[in-house]
file query.cif (mmCIF, C-alpha atoms)
data_protein
#
loop_
_atom_site.label_atom_id
_atom_site.label_comp_id
_atom_site.auth_asym_id
_atom_site.auth_seq_id
_atom_site.Cartn_x
_atom_site.Cartn_y
_atom_site.Cartn_z
CA MET A 26 120.42 105.47 111.23
CA LYS A 27 118.45 102.29 111.86
CA PHE A 28 115.35 101.23 109.92
CA GLY A 29 112.87 98.68 111.26
CA PHE A 30 110.83 96.69 108.73
CA ARG A 31 107.49 95.00 109.41
CA ALA A 32 106.49 92.56 106.66
CA ASP A 33 105.26 88.99 106.35
CA ALA A 34 105.38 86.10 103.91
CA ALA A 35 103.05 83.11 104.04
CA LEU A 36 101.21 80.60 101.90
CA ASP A 37 98.28 83.04 101.75
CA ILE A 38 100.33 86.24 101.56
CA GLY A 39 103.01 85.16 99.11
CA ALA A 40 106.66 86.19 99.11
CA GLY A 41 106.57 89.58 97.37
CA HIS A 42 106.21 91.87 100.40
CA VAL A 43 109.22 90.45 102.20
CA MET A 44 111.34 90.20 99.06
CA ARG A 45 110.90 93.85 98.08
CA CYS A 46 111.60 94.90 101.67
CA ILE A 47 114.86 92.95 101.56
CA THR A 48 115.74 94.78 98.34
CA LEU A 49 114.98 98.18 99.88
CA ALA A 50 116.90 97.26 103.03
CA GLN A 51 119.93 96.41 100.89
CA ALA A 52 119.70 99.78 99.13
CA LEU A 53 119.51 101.55 102.48
CA SER A 54 122.45 99.52 103.80
CA ASP A 55 124.47 100.64 100.78
CA ARG A 56 123.84 104.18 102.01
CA GLY A 57 125.14 103.44 105.50
CA ALA A 58 121.89 102.57 107.28
CA GLU A 59 121.28 99.57 109.51
CA CYS A 60 118.12 97.51 108.97
CA THR A 61 116.22 94.97 111.02
CA PHE A 62 112.95 93.05 110.51
CA ILE A 63 109.93 91.78 112.43
CA CYS A 64 107.94 88.89 110.89
CA ARG A 65 105.21 86.58 112.11
CA GLU A 66 106.03 82.89 111.80
CA HIS A 67 103.26 82.06 109.34
CA PRO A 68 103.50 78.79 107.40
CA GLY A 69 105.68 79.68 104.44
CA HIS A 70 107.49 82.55 106.20
CA LEU A 71 110.81 83.79 104.82
CA ILE A 72 112.65 84.53 108.05
CA GLU A 73 115.70 82.51 107.00
CA ALA A 74 115.82 84.34 103.67
CA ILE A 75 116.02 87.63 105.56
CA ARG A 76 118.87 86.31 107.69
CA THR A 77 120.64 84.95 104.62
CA ALA A 78 120.43 88.43 103.12
CA GLY A 79 122.38 89.68 106.14
CA PHE A 80 119.67 91.33 108.24
CA GLY A 81 118.56 90.77 111.79
CA VAL A 82 115.01 89.53 112.19
CA THR A 83 112.72 88.90 115.14
CA GLY A 84 110.21 86.13 114.54
CA LEU A 85 106.91 86.36 116.40
CA PRO A 86 104.47 83.47 116.82
CA VAL A 87 101.08 83.52 115.12
CA LEU A 88 98.50 84.27 117.83
CA GLU A 89 94.82 83.55 118.15
CA ARG A 90 92.78 86.55 117.01
CA SER A 91 89.60 88.00 118.47
CA GLY A 92 87.89 87.94 115.05
CA THR A 93 86.37 91.40 115.49
CA GLU A 94 88.54 93.23 112.94
CA LYS A 95 86.77 93.90 109.64
CA SER A 96 89.69 94.25 107.21
CA PRO A 97 89.74 91.44 104.58
CA TYR A 98 93.47 91.20 105.26
CA ALA A 99 93.22 91.13 109.07
CA SER A 100 94.10 87.42 109.22
CA TRP A 101 97.37 88.16 107.43
CA VAL A 102 98.70 89.98 110.50
CA GLY A 103 98.86 86.83 112.61
CA ALA A 104 97.56 88.62 115.71
CA ASP A 105 95.09 91.34 116.63
CA THR A 106 96.38 94.61 115.17
CA ALA A 107 96.68 96.28 118.59
CA VAL A 108 98.68 93.35 119.93
CA ASP A 109 100.98 93.36 116.91
CA ALA A 110 101.49 97.11 117.26
CA SER A 111 102.37 96.82 120.94
CA GLN A 112 104.85 94.00 120.33
CA SER A 113 106.37 95.67 117.28
CA ARG A 114 106.85 99.00 119.03
CA ALA A 115 108.53 97.36 122.00
CA ILE A 116 110.96 95.51 119.75
CA PHE A 117 111.74 98.46 117.47
CA ASP A 118 112.23 100.77 120.47
CA ALA A 119 114.55 98.27 122.18
CA GLN A 120 116.58 97.97 118.98
CA GLY A 121 116.90 101.74 118.63
CA CYS A 122 115.10 102.04 115.30
CA ASN A 123 114.78 105.64 114.10
CA PHE A 124 112.32 104.99 111.27
CA ILE A 125 109.83 102.21 110.56
CA ILE A 126 108.83 100.78 107.17
CA ALA A 127 105.69 98.64 106.93
CA ASP A 128 104.70 96.55 103.90
CA HIS A 129 101.53 94.77 104.93
CA TYR A 130 97.94 94.92 103.67
CA GLY A 131 96.64 94.08 107.13
CA LEU A 132 98.07 97.22 108.78
CA ASP A 133 96.72 100.76 108.63
CA ALA A 134 96.87 104.15 110.35
CA GLN A 135 95.80 102.70 113.70
CA TRP A 136 98.79 100.35 113.78
CA GLU A 137 101.14 102.99 112.38
CA ARG A 138 100.18 105.61 114.97
CA ALA A 139 100.62 103.08 117.79
CA VAL A 140 104.05 101.98 116.58
CA SER A 141 105.35 105.46 115.78
CA PRO A 142 103.34 108.26 117.45
CA ALA A 143 105.67 110.81 115.85
CA GLY A 144 104.83 109.51 112.38
CA ARG A 145 108.39 108.37 111.63
CA ILE A 146 107.11 105.65 109.38
CA GLY A 147 107.08 104.79 105.69
CA ILE A 148 104.48 102.61 103.96
CA ILE A 149 104.74 100.35 100.94
CA ASP A 150 101.25 99.79 99.55
CA ASP A 151 99.49 98.75 96.34
CA LEU A 152 95.84 99.11 97.31
CA ALA A 153 95.07 102.79 98.08
CA ASN A 154 92.11 101.57 100.12
CA ARG A 155 92.77 102.63 103.73
CA PRO A 156 94.19 105.54 105.76
CA HIS A 157 97.87 105.76 106.71
CA TYR A 158 99.74 107.77 109.34
CA SER A 159 103.00 108.06 107.45
CA ALA A 160 105.73 110.47 106.47
CA LEU A 161 106.34 108.69 103.16
CA LEU A 162 104.35 106.25 101.03
CA ILE A 163 105.48 104.13 98.07
CA ASP A 164 103.05 102.59 95.60
CA GLN A 165 104.81 101.06 92.58
CA THR A 166 101.63 100.29 90.63
CA LEU A 167 101.78 101.37 87.00
CA ASP A 168 99.87 104.64 86.40
CA ARG A 169 99.12 105.04 90.11
CA ALA A 170 99.22 108.75 91.05
CA ALA A 171 99.47 110.64 94.32
CA HIS A 172 95.84 111.76 94.12
CA SER A 173 94.83 108.12 94.72
CA TYR A 174 95.88 108.69 98.34
CA ALA A 175 94.14 112.04 98.80
CA GLY A 176 92.52 111.95 102.22
CA LEU A 177 94.28 108.69 103.10
CA VAL A 178 97.67 110.12 104.13
CA PRO A 179 98.71 113.28 106.02
CA ASP A 180 98.93 116.41 103.89
CA ASP A 181 102.72 116.54 104.27
CA CYS A 182 103.26 112.85 103.40
CA ILE A 183 105.77 112.35 100.58
CA THR A 184 103.98 110.10 98.07
CA LEU A 185 106.08 108.17 95.55
CA CYS A 186 103.70 106.62 93.04
CA GLY A 187 104.12 104.79 89.75
CA SER A 188 106.30 102.06 88.28
CA SER A 189 109.41 104.27 88.23
CA PHE A 190 109.50 103.45 91.96
CA ALA A 191 109.24 99.68 91.46
CA ILE A 192 111.59 98.16 94.05
CA LEU A 193 113.80 95.77 92.07
CA ARG A 194 117.12 94.18 92.89
CA PRO A 195 120.14 95.89 91.24
CA GLN A 196 120.71 92.89 88.97
CA PHE A 197 117.75 93.92 86.80
CA ALA A 198 118.98 97.43 85.99
CA LYS A 199 122.44 96.03 85.31
CA ALA A 200 121.07 93.39 82.92
CA ARG A 201 118.59 95.68 81.17
CA ALA A 202 120.69 96.88 78.20
CA ARG A 203 122.00 93.39 77.40
CA SER A 204 118.54 91.85 77.64
CA LEU A 205 117.01 94.36 75.25
CA GLU A 206 119.88 94.01 72.79
CA LEU A 207 119.84 90.20 72.72
CA ARG A 208 116.05 90.08 72.41
CA ALA A 209 115.90 91.72 68.98
CA GLY A 210 114.88 89.26 66.26
CA ARG A 211 115.31 86.15 68.40
CA ALA A 212 113.20 83.06 67.70
CA PRO A 213 111.00 82.00 70.64
CA GLY A 214 112.62 78.83 71.95
CA GLN A 215 112.64 79.36 75.75
CA ILE A 216 109.58 79.77 77.99
CA LEU A 217 109.76 80.70 81.68
CA VAL A 218 106.95 79.85 84.11
CA SER A 219 107.00 81.81 87.36
CA MET A 220 103.74 81.92 89.30
CA GLY A 221 105.22 83.35 92.50
CA GLY A 222 107.68 81.97 94.99
CA ILE A 223 104.98 80.07 96.90
CA ASP A 224 102.18 79.38 94.38
CA ARG A 225 99.82 78.00 97.00
CA ASP A 226 97.25 76.67 94.50
CA ASN A 227 99.74 75.03 92.11
CA LEU A 228 98.93 77.20 89.14
CA THR A 229 102.33 76.12 87.86
CA GLY A 230 101.01 72.59 87.34
CA ARG A 231 98.04 73.90 85.36
CA VAL A 232 100.32 76.00 83.17
CA LEU A 233 102.48 72.96 82.43
CA ASP A 234 99.35 71.05 81.39
CA VAL A 235 98.44 73.91 79.03
CA LEU A 236 101.93 73.96 77.54
CA THR A 237 101.90 70.20 77.03
CA ALA A 238 98.65 70.43 75.06
CA LEU A 239 99.84 73.15 72.66
CA PRO A 240 100.14 72.27 68.95
CA SER A 241 103.06 69.93 68.28
CA ASP A 242 104.59 72.21 65.65
CA LEU A 243 105.44 74.72 68.40
CA GLU A 244 108.87 73.75 69.69
CA PHE A 245 110.18 75.23 72.92
CA ARG A 246 111.90 74.45 76.20
CA THR A 247 110.32 75.38 79.55
CA THR A 248 111.97 76.48 82.77
CA VAL A 249 109.89 76.59 85.96
CA VAL A 250 110.94 78.74 88.93
CA LEU A 251 109.70 78.02 92.45
CA GLY A 252 110.64 79.12 95.95
CA ALA A 253 111.97 76.68 98.53
CA THR A 254 108.74 76.96 100.55
CA ALA A 255 106.42 76.26 97.60
CA PRO A 256 104.05 73.51 98.85
CA TRP A 257 103.70 71.88 95.40
CA ARG A 258 107.40 71.80 94.58
CA GLU A 259 107.78 68.01 94.61
CA ALA A 260 104.59 67.49 92.59
CA VAL A 261 105.72 70.00 89.97
CA THR A 262 109.13 68.34 89.78
CA ARG A 263 107.49 64.95 89.14
CA GLN A 264 105.18 66.47 86.54
CA ALA A 265 108.13 68.06 84.75
CA ALA A 266 110.04 64.78 84.69
CA THR A 267 107.18 62.96 82.95
CA SER A 268 106.18 65.73 80.51
CA ARG A 269 106.55 65.15 76.77
CA ARG A 270 107.98 68.67 76.64
CA LYS A 271 111.46 69.59 77.87
CA VAL A 272 110.88 71.06 81.34
CA GLU A 273 113.47 72.12 83.93
CA VAL A 274 112.54 73.07 87.51
CA LEU A 275 114.72 75.58 89.39
CA VAL A 276 114.33 76.42 93.08
CA ASN A 277 115.40 79.68 94.77
CA VAL A 278 117.02 81.22 91.71
CA ALA A 279 119.66 83.71 92.81
CA ASP A 280 120.13 85.52 89.50
CA MET A 281 116.63 85.88 88.09
CA ALA A 282 117.80 88.63 85.74
CA GLU A 283 120.18 86.32 83.91
CA LEU A 284 117.44 83.72 83.58
CA LEU A 285 115.05 86.31 82.15
CA ILE A 286 117.66 87.41 79.62
CA GLN A 287 117.54 83.88 78.19
CA THR A 288 113.71 83.86 78.22
CA ASP A 289 111.77 84.51 75.02
CA LEU A 290 108.30 84.32 76.58
CA ALA A 291 107.34 84.41 80.24
CA ILE A 292 104.16 83.15 81.88
CA GLY A 293 103.85 84.79 85.27
CA ALA A 294 101.68 86.13 88.03
CA ALA A 295 100.75 89.81 87.90
CA GLY A 296 102.55 90.60 91.15
CA SER A 297 105.92 92.17 91.92
CA SER A 298 107.68 89.99 89.36
CA ALA A 299 105.76 91.81 86.61
CA TRP A 300 108.12 94.77 87.06
CA GLU A 301 111.17 92.53 86.74
CA ARG A 302 109.93 91.20 83.41
CA CYS A 303 109.08 94.69 82.18
CA CYS A 304 112.49 96.05 83.10
CA LEU A 305 114.14 93.43 80.88
CA GLY A 306 111.57 93.68 78.06
CA VAL A 307 110.35 90.09 78.35
CA PRO A 308 107.14 89.33 76.37
CA THR A 309 104.70 87.96 78.92
CA VAL A 310 101.35 86.31 79.44
CA MET A 311 100.09 87.29 82.90
CA ALA A 312 97.79 85.44 85.24
CA VAL A 313 95.89 87.18 88.04
CA THR A 314 96.39 85.02 91.13
CA ALA A 315 95.02 87.44 93.75
CA ASP A 316 92.49 90.27 93.78
CA ASN A 317 95.17 92.92 94.33
CA GLN A 318 96.82 91.92 91.03
CA THR A 319 93.82 92.82 88.87
CA GLU A 320 94.75 96.48 88.46
CA ILE A 321 98.38 95.65 87.70
CA ALA A 322 97.39 93.20 84.96
CA ARG A 323 94.92 95.64 83.45
CA ALA A 324 97.39 98.54 83.41
CA VAL A 325 100.30 96.54 82.00
CA ALA A 326 98.13 94.97 79.30
CA ALA A 327 96.69 98.39 78.37
CA ARG A 328 100.23 99.60 77.68
CA GLY A 329 100.81 96.65 75.34
CA ALA A 330 103.50 95.42 77.73
CA ALA A 331 101.91 91.97 78.24
CA LEU A 332 98.88 89.86 77.44
CA THR A 333 96.63 88.80 80.28
CA ALA A 334 94.73 85.55 80.65
CA GLY A 335 92.72 87.08 83.48
CA ALA A 336 91.95 85.56 86.84
CA ALA A 337 93.23 82.02 87.32
CA ASP A 338 90.05 81.01 89.13
CA ALA A 339 87.72 82.37 86.41
CA PRO A 340 86.02 80.10 83.85
CA GLY A 341 87.95 79.70 80.61
CA PHE A 342 91.32 80.66 82.06
CA ASP A 343 93.18 77.68 80.58
CA SER A 344 91.88 78.32 77.07
CA ARG A 345 92.65 82.06 77.30
CA LEU A 346 96.14 81.23 78.52
CA ALA A 347 96.73 78.77 75.66
CA GLY A 348 95.48 81.26 73.07
CA ALA A 349 97.72 84.05 74.36
CA ILE A 350 100.78 81.79 74.43
CA VAL A 351 100.20 80.57 70.87
CA GLN A 352 99.68 84.13 69.67
CA LEU A 353 102.97 85.29 71.17
CA LEU A 354 104.91 82.26 69.94
CA ARG A 355 103.68 82.71 66.38
CA GLU A 356 103.78 86.51 66.00
CA SER A 357 107.28 87.99 66.03
CA ASP A 358 106.01 91.57 65.53
CA LEU A 359 103.80 91.22 68.58
CA ARG A 360 106.73 90.00 70.68
CA SER A 361 108.94 92.83 69.47
CA GLY A 362 106.37 95.53 70.13
CA MET A 363 105.56 94.07 73.53
CA SER A 364 109.24 94.00 74.49
CA HIS A 365 109.62 97.70 73.74
CA ALA A 366 106.40 98.58 75.54
CA ALA A 367 107.41 96.54 78.59
CA ALA A 368 110.84 98.15 78.78
CA ALA A 369 109.19 101.57 78.88
CA VAL A 370 107.28 100.66 82.06
CA THR A 371 110.26 100.72 84.45
CA ASP A 372 114.03 101.08 84.25
CA GLY A 373 114.80 99.04 87.38
CA LEU A 374 116.16 101.96 89.43
CA GLY A 375 113.17 102.34 91.72
CA ALA A 376 114.89 100.97 94.83
CA ASP A 377 117.58 103.65 94.53
CA ARG A 378 114.96 106.38 94.11
CA VAL A 379 113.06 105.20 97.19
CA ALA A 380 116.20 104.79 99.30
CA ASP A 381 117.41 108.26 98.32
CA ALA A 382 114.03 109.75 99.25
CA LEU A 383 114.10 108.01 102.62
CA MET A 384 117.64 109.14 103.41
CA GLU A 385 116.79 112.71 102.40
CA LEU A 386 113.70 112.63 104.62
CA ILE A 387 115.69 111.35 107.57
CA ALA A 388 118.30 114.06 107.09
CA GLN A 389 115.70 116.85 107.41
#
call {"tool": "encode", "arguments": {"input": "query.cif", "output": "structure tokens"}}
result
Amino acid sequence: MKFGFRADAALDIGAGHVMRCITLAQALSDRGAECTFICREHPGHLIEAIRTAGFGVTGLPVLERSGTEKSPYASWVGADTAVDASQSRAIFDAQGCNFIIADHYGLDAQWERAVSPAGRIGIIDDLANRPHYSALLIDQTLDRAAHSYAGLVPDDCITLCGSSFAILRPQFAKARARSLELRAGRAPGQILVSMGGIDRDNLTGRVLDVLTALPSDLEFRTTVVLGATAPWREAVTRQAATSRRKVEVLVNVADMAELLIQTDLAIGAAGSSAWERCCLGVPTVMAVTADNQTEIARAVAARGAALTAGAADAPGFDSRLAGAIVQLLRESDLRSGMSHAAAAVTDGLGADRVADALMELIAQ
């Protein structure tokens, strides 16, 4: 059995789509499947990361688009949708792929039908805003239910919705019990800042400024995590070196679970990494860095699993962020309750559940 993945990373797109596809591909490989990828060569792509993970990948150049497509995410495709579909189908067919998995906001039923007329395709989505021609759909958004896709997927589409299907690397489920045990009653001395692997707008730098300005009686160390393709990496490193606070910058962290175990308070984007922090019960202040993160932040905060400072580009964000951080640092009961609420959101076994569902579907 061979699965073909279509996903992209870029300065505008971020790293999350490709990273969760790598995780799912690894789970499928553990079950005896072969996996291969197609990615456009956007600035900030993660093609080498896919190869490093052990998977074949075909890189396609970014092409000039006609500009007639109306989707707000059309530019993320890197080509007209019909052109991308034609190229993708030719490659997947030549490679003998039996089933396609697409994780891309810029693709919809038109692309899916062109790539796999028989509907042998699975979709990873978070938006529930467009039709799909798929045999299986995964949406890991907290409290998302199958009825959100009524009329958007075929009647016989298997729909896996909710944070129990969050696609996390195995390291998080393995570290979960130890993280929750060590967290009980611990004083808040370690802060983690993780605004996404790319962080195009350097929100990390703003967060460091906020942390520097916090009351001097609050003592803590800060660790910043960035991806190798983050455009502001050097600037953040210089800022950390001159900060009056103790700040360490780490790039391409391999064992994020172990780092989160040592974290007492995280400041992070409300994207895919939100599920990692929840799995390990890490008290968190979330920032909304893209429109598609708004619902995630709202749902997680409503569960008491995090505080949210709202949209990073909204007025008053820095002051809301500072207030939430101070509140969590000073209130041990709040941190404890938040840790328990976060841990209840997901157990970290979503990738296994999705891979099992895919293998069962293929076997039918």
call {"tool": "closest_residue", "arguments": {"input": "query.cif", "among": "A:Ala315, A:Leu346, A:Ala209, A:Leu36", "to": "A:Ser361", "atoms": "all atoms listed in the file"}}
result
A:Ala209
call {"tool": "resolve_selection", "arguments": {"input": "query.cif", "expression": "the PyMOL selection byres ((chain A and resi 112) around 12)", "output": "list in words"}}
result
Arg31, Ile63, Cys64, Arg65, Thr83, Gly84, Leu85, Pro86, Leu88, Ala104, Asp105, Thr106, Ala107, Val108, Asp109, Ala110, Ser111, Ser113, Arg114, Ala115, Ile116, Phe117, Asp118, Ala119, Trp136, Ala139 and Val140 of chain A
call {"tool": "atom_distance", "arguments": {"input": "query.cif", "atom1": "atom CA of A:Leu243", "atom2": "atom CA of A:Arg355"}}
result
8.4 Å
call {"tool": "closest_residue", "arguments": {"input": "query.cif", "among": "A:Ala291, A:Ala255, A:Gly144, A:Met384", "to": "A:Ala50", "atoms": "only C-alpha atoms"}}
result
A:Met384
call {"tool": "closest_residue", "arguments": {"input": "query.cif", "among": "A:Ala337, A:Ala170, A:Leu162, A:Ala238", "to": "A:Ile350", "atoms": "all atoms listed in the file"}}
result
A:Ala238
call {"tool": "atom_distance", "arguments": {"input": "query.cif", "atom1": "atom CA of A:Val325", "atom2": "atom CA of A:Ile292"}}
result
13.9 Å
call {"tool": "axis_aligned_box", "arguments": {"input": "query.cif", "around": "stretch 127-144 of chain A", "padding_each_side": "8 Å", "output": "AutoDock Vina command-line options"}}
result
--center_x 100.7 --center_y 102.4 --center_z 110.7 --size_x 25.9 --size_y 32.7 --size_z 30.1
call {"tool": "atom_distance", "arguments": {"input": "query.cif", "atom1": "atom CA of A:Ile192", "atom2": "atom CA of A:Gly375"}}
result
5.0 Å
